[in-house]
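Beneath this line is the structure, given in structure tokens, with notes to follow.
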Amino acid sequence: MQLDPRDIQILRVLASEGRISKTELARRVNLSASPCWERLKRLEDAGLIRGYRADIDLSLVSAHVVVFVVVELDSHKAASFRLFEAAVARHDEIVGCWAIGGGVDYLMQVVTSDINSYQRLIDTLLESPIGMARYFTYVVTKHVKSGDLPLAQLLGLQKD
């Protein structure tokens with residue numbers, strides 16, 4: 001899909017303000033409501049907008065632990081990757097999972113109530129026939145930064 005400058009404006013606004021009203025979005029990108037909504041629908045239908053979410057401060061909601069886990073599989077066949085990825089999809093505590101290069105196979109982000117529940121998840125994965133050979137656990141001790149995607153920079157619209 002070819003993006004024009006107006007599409008990019010819409011994406012930039014939504015990346016930081018996903019709750020913005022459609023009317024306000026149209027005003028911000030200097031379009032009337034109907035053409036803006038049509039563009040928004042086209043961007044959604046094309047899969048460029050995967051969803052709208054709230055950025056929730058979990059520390060104000062519940063005790064929790066965030067853990068990053070590096071996983072190595074015992075086999076590097078396509079079927080092994082599919083099996084592992086299907087297992088990951090079944091666990092809500094695994095909130096992110098990326099296939100990575102560089103000597104390991106996956107990086108997972110786990111958010112769960114405490115270290116004991118994290119260990120139960122790992123034990124379940126290890127007991128499953130999904131081919132986990134090794135894993136390394138990294139417990140988050142402090143959240144330092146998160147932010148919006150750098151769309152303008154990625155699209156060459158601004159300098160560093």
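The way I read the labels, and the way they are meant: chains A, B, ... in the order of the structure tokens, residue 1 as the first residue of every chain, and ligand 1 as the first ligand shown, with later ones counted on from there.
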Show me, as a tab-separated table, the residues of segment 3-70 of chain A having an atom within 10 Å of segment 110-113 of chain A, each with the closest atom pair and its distance in Å, using only C-alpha atoms.
```
residue	atom	partner	partner_atom	distance
A:Leu58	CA	A:Val111	CA	9.8
A:Ser62	CA	A:Ser113	CA	7.8
A:Ala63	CA	A:Ser113	CA	6.0
A:His64	CA	A:Ser113	CA	4.1
A:Val65	CA	A:Thr112	CA	5.6
A:Val66	CA	A:Val111	CA	4.6
A:Val67	CA	A:Val110	CA	5.1
A:Phe68	CA	A:Val110	CA	6.2
A:Val69	CA	A:Val110	CA	7.6
```
_Minimum-distance residue to Ser16 of chain A, chosen among A:Tyr52, A:Tyr118, A:Trp37, A:Tyr138 (using only C-alpha atoms)_ = A:Tyr52
*Suppose you want the space between atom CA of Leu14 of chain A and atom CA of Asp148 of chain A; what is it in Å?*
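Computing the Euclidean distance for atom CA of Leu14 of chain A and atom CA of Asp148 of chain A yields 9.8 Å.
The shortest atom-to-atom distance to Val13 of chain A, with only C-alpha atoms taken into account, belongs to A:Ile49 out of A:Glu38, A:Ile49, A:Asp105, A:Gly96.
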*Counting only C-alpha atoms, what is within 8 Å of Leu73 of chain A, bar same-chain residues fewer than 5 positions away, as an MDAnalysis selection string?*
chainID A and resid 80 105 131:134
*Please, which residues of chain A, numbered as in this document, come out helix (DSSP H, G or I) from DSSP, as a count of residues only?*
64
*Excluding same-chain residues fewer than 6 positions from segment 17-22 of chain A, what lies within 10 Å of it counting only C-alpha atoms, as an MDAnalysis selection string?*
chainID A and resid 11 28 33:34 36:37 40 51:54 148
Restricted to C-alpha atoms, what would the selected residues look like written as a PDB file, in the first residue's frame?
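Result written to selection.pdb:
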```pdb
ATOM      1  CA  LEU A  11      -0.808   7.317  11.519  1.00  0.00           C
ATOM      2  CA  ARG A  28      -5.739  17.699  13.037  1.00  0.00           C
ATOM      3  CA  ALA A  33     -14.763  14.089   8.419  1.00  0.00           C
ATOM      4  CA  SER A  34     -15.901  11.737   5.625  1.00  0.00           C
ATOM      5  CA  CYS A  36     -10.670  11.228   6.918  1.00  0.00           C
ATOM      6  CA  TRP A  37     -12.878   8.325   8.022  1.00  0.00           C
ATOM      7  CA  LEU A  40      -8.805   5.578   8.389  1.00  0.00           C
ATOM      8  CA  GLY A  51      -5.602  -2.054  17.122  1.00  0.00           C
ATOM      9  CA  TYR A  52      -6.129   0.652  19.698  1.00  0.00           C
ATOM     10  CA  ARG A  53      -4.891   0.175  23.244  1.00  0.00           C
ATOM     11  CA  ALA A  54      -4.581   2.032  26.511  1.00  0.00           C
ATOM     12  CA  ASP A 148       5.532   5.848  20.445  1.00  0.00           C
TER      13      ASP A 148
END
```
*Compile the contact shell of Val29 of chain A as JSON, numbers by chain: residues with an atom at most 10 Å away, counting only C-alpha atoms, same-chain residues fewer than 4 positions apart removed.*
{"A": [5, 6, 7, 8, 9, 10, 12, 13, 24, 25, 36]}
Residue subset to file, keeping N, CA and C atoms, as a PDB file, in the first residue's frame:
```pdb
ATOM      1  N   PRO A   5       1.272  11.697   2.202  1.00  0.00           N
ATOM      2  CA  PRO A   5       1.537  12.476   3.415  1.00  0.00           C
ATOM      3  C   PRO A   5       0.352  12.554   4.381  1.00  0.00           C
ATOM      4  N   ARG A   6      -0.858  12.568   3.868  1.00  0.00           N
ATOM      5  CA  ARG A   6      -2.041  12.638   4.737  1.00  0.00           C
ATOM      6  C   ARG A   6      -2.205  11.335   5.516  1.00  0.00           C
ATOM      7  N   ASP A   7      -1.971  10.195   4.853  1.00  0.00           N
ATOM      8  CA  ASP A   7      -2.023   8.907   5.546  1.00  0.00           C
ATOM      9  C   ASP A   7      -0.992   8.878   6.675  1.00  0.00           C
ATOM     10  N   ILE A   8       0.187   9.360   6.397  1.00  0.00           N
ATOM     11  CA  ILE A   8       1.253   9.382   7.397  1.00  0.00           C
ATOM     12  C   ILE A   8       0.867  10.281   8.565  1.00  0.00           C
ATOM     13  N   GLN A   9       0.245  11.426   8.281  1.00  0.00           N
ATOM     14  CA  GLN A   9      -0.233  12.301   9.358  1.00  0.00           C
ATOM     15  C   GLN A   9      -1.227  11.565  10.245  1.00  0.00           C
ATOM     16  N   ILE A  10      -2.148  10.851   9.628  1.00  0.00           N
ATOM     17  CA  ILE A  10      -3.152  10.099  10.392  1.00  0.00           C
ATOM     18  C   ILE A  10      -2.459   9.078  11.285  1.00  0.00           C
ATOM     19  N   ARG A  12       0.621   9.069  12.413  1.00  0.00           N
ATOM     20  CA  ARG A  12       1.399   9.735  13.468  1.00  0.00           C
ATOM     21  C   ARG A  12       0.506  10.174  14.616  1.00  0.00           C
ATOM     22  N   VAL A  13      -0.638  10.755  14.306  1.00  0.00           N
ATOM     23  CA  VAL A  13      -1.553  11.199  15.360  1.00  0.00           C
ATOM     24  C   VAL A  13      -2.066   9.998  16.141  1.00  0.00           C
ATOM     25  N   GLU A  24     -11.903  15.056  15.700  1.00  0.00           N
ATOM     26  CA  GLU A  24     -10.667  15.760  16.047  1.00  0.00           C
ATOM     27  C   GLU A  24      -9.508  15.295  15.160  1.00  0.00           C
ATOM     28  N   LEU A  25      -9.477  14.018  14.841  1.00  0.00           N
ATOM     29  CA  LEU A  25      -8.451  13.503  13.934  1.00  0.00           C
ATOM     30  C   LEU A  25      -8.556  14.210  12.580  1.00  0.00           C
ATOM     31  N   CYS A  36     -11.576  11.711   5.868  1.00  0.00           N
ATOM     32  CA  CYS A  36     -10.670  11.228   6.918  1.00  0.00           C
ATOM     33  C   CYS A  36     -11.092   9.834   7.369  1.00  0.00           C
TER      34      CYS A  36
END
```
_If you run DSSP on the backbone here, which positions in chain A get strand (DSSP E)? Please write them as number ranges by chain._
A: 65-73, 94-99, 106-112, 132-139
Restricting the output to C-alpha atoms, write the selected residues as a CSV table (one decimal), in the first residue's frame.
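Written output follows (out-v7.csv):
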```csv
chain,number,residue,atom,x,y,z
A,65,VAL,CA,6.6,-8.8,37.6
A,66,VAL,CA,7.9,-8.3,34.0
A,67,VAL,CA,10.4,-10.8,32.8
A,68,PHE,CA,12.3,-11.1,29.5
A,69,VAL,CA,13.2,-14.6,28.5
A,70,VAL,CA,15.6,-15.6,25.8
A,71,VAL,CA,14.8,-19.1,24.4
A,72,GLU,CA,16.8,-21.6,22.4
A,73,LEU,CA,15.1,-24.5,20.7
A,94,ILE,CA,3.4,-14.0,27.3
A,95,VAL,CA,2.6,-10.5,26.1
A,96,GLY,CA,5.3,-10.3,23.4
A,97,CYS,CA,7.4,-12.8,21.5
A,98,TRP,CA,9.9,-12.1,18.8
A,99,ALA,CA,12.0,-14.5,16.7
A,106,TYR,CA,13.2,-16.1,20.6
A,107,LEU,CA,12.8,-13.2,23.0
A,108,MET,CA,9.7,-13.3,25.1
A,109,GLN,CA,8.2,-10.7,27.3
A,110,VAL,CA,6.2,-12.2,30.2
A,111,VAL,CA,4.0,-10.2,32.6
A,112,THR,CA,2.6,-12.1,35.5
A,132,MET,CA,12.7,-25.7,24.4
A,133,ALA,CA,16.4,-26.6,24.9
A,134,ARG,CA,17.5,-23.6,27.1
A,135,TYR,CA,16.1,-20.4,28.4
A,136,PHE,CA,17.6,-17.4,30.2
A,137,THR,CA,15.5,-15.2,32.5
A,138,TYR,CA,16.0,-11.5,32.9
A,139,VAL,CA,13.8,-9.8,35.6
```
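Closest approach to Leu151 of chain A among A:Leu83, A:Asp114, A:Gly102, A:Ala15 is made by A:Ala15 (distances from only C-alpha atoms).
Considering the residues A:Asn30, A:Ser75, A:Ser146, A:Thr141 and counting only C-alpha atoms, Asp57 of chain A has its shortest atom-to-atom contact with A:Ser146.
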_Counting only C-alpha atoms, the option among A:Ala86, A:Leu31, A:Gln2, A:Ile115 closest to Ala46 of chain A_ =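 Selected residue with least distance to Ala46 of chain A: A:Gln2.
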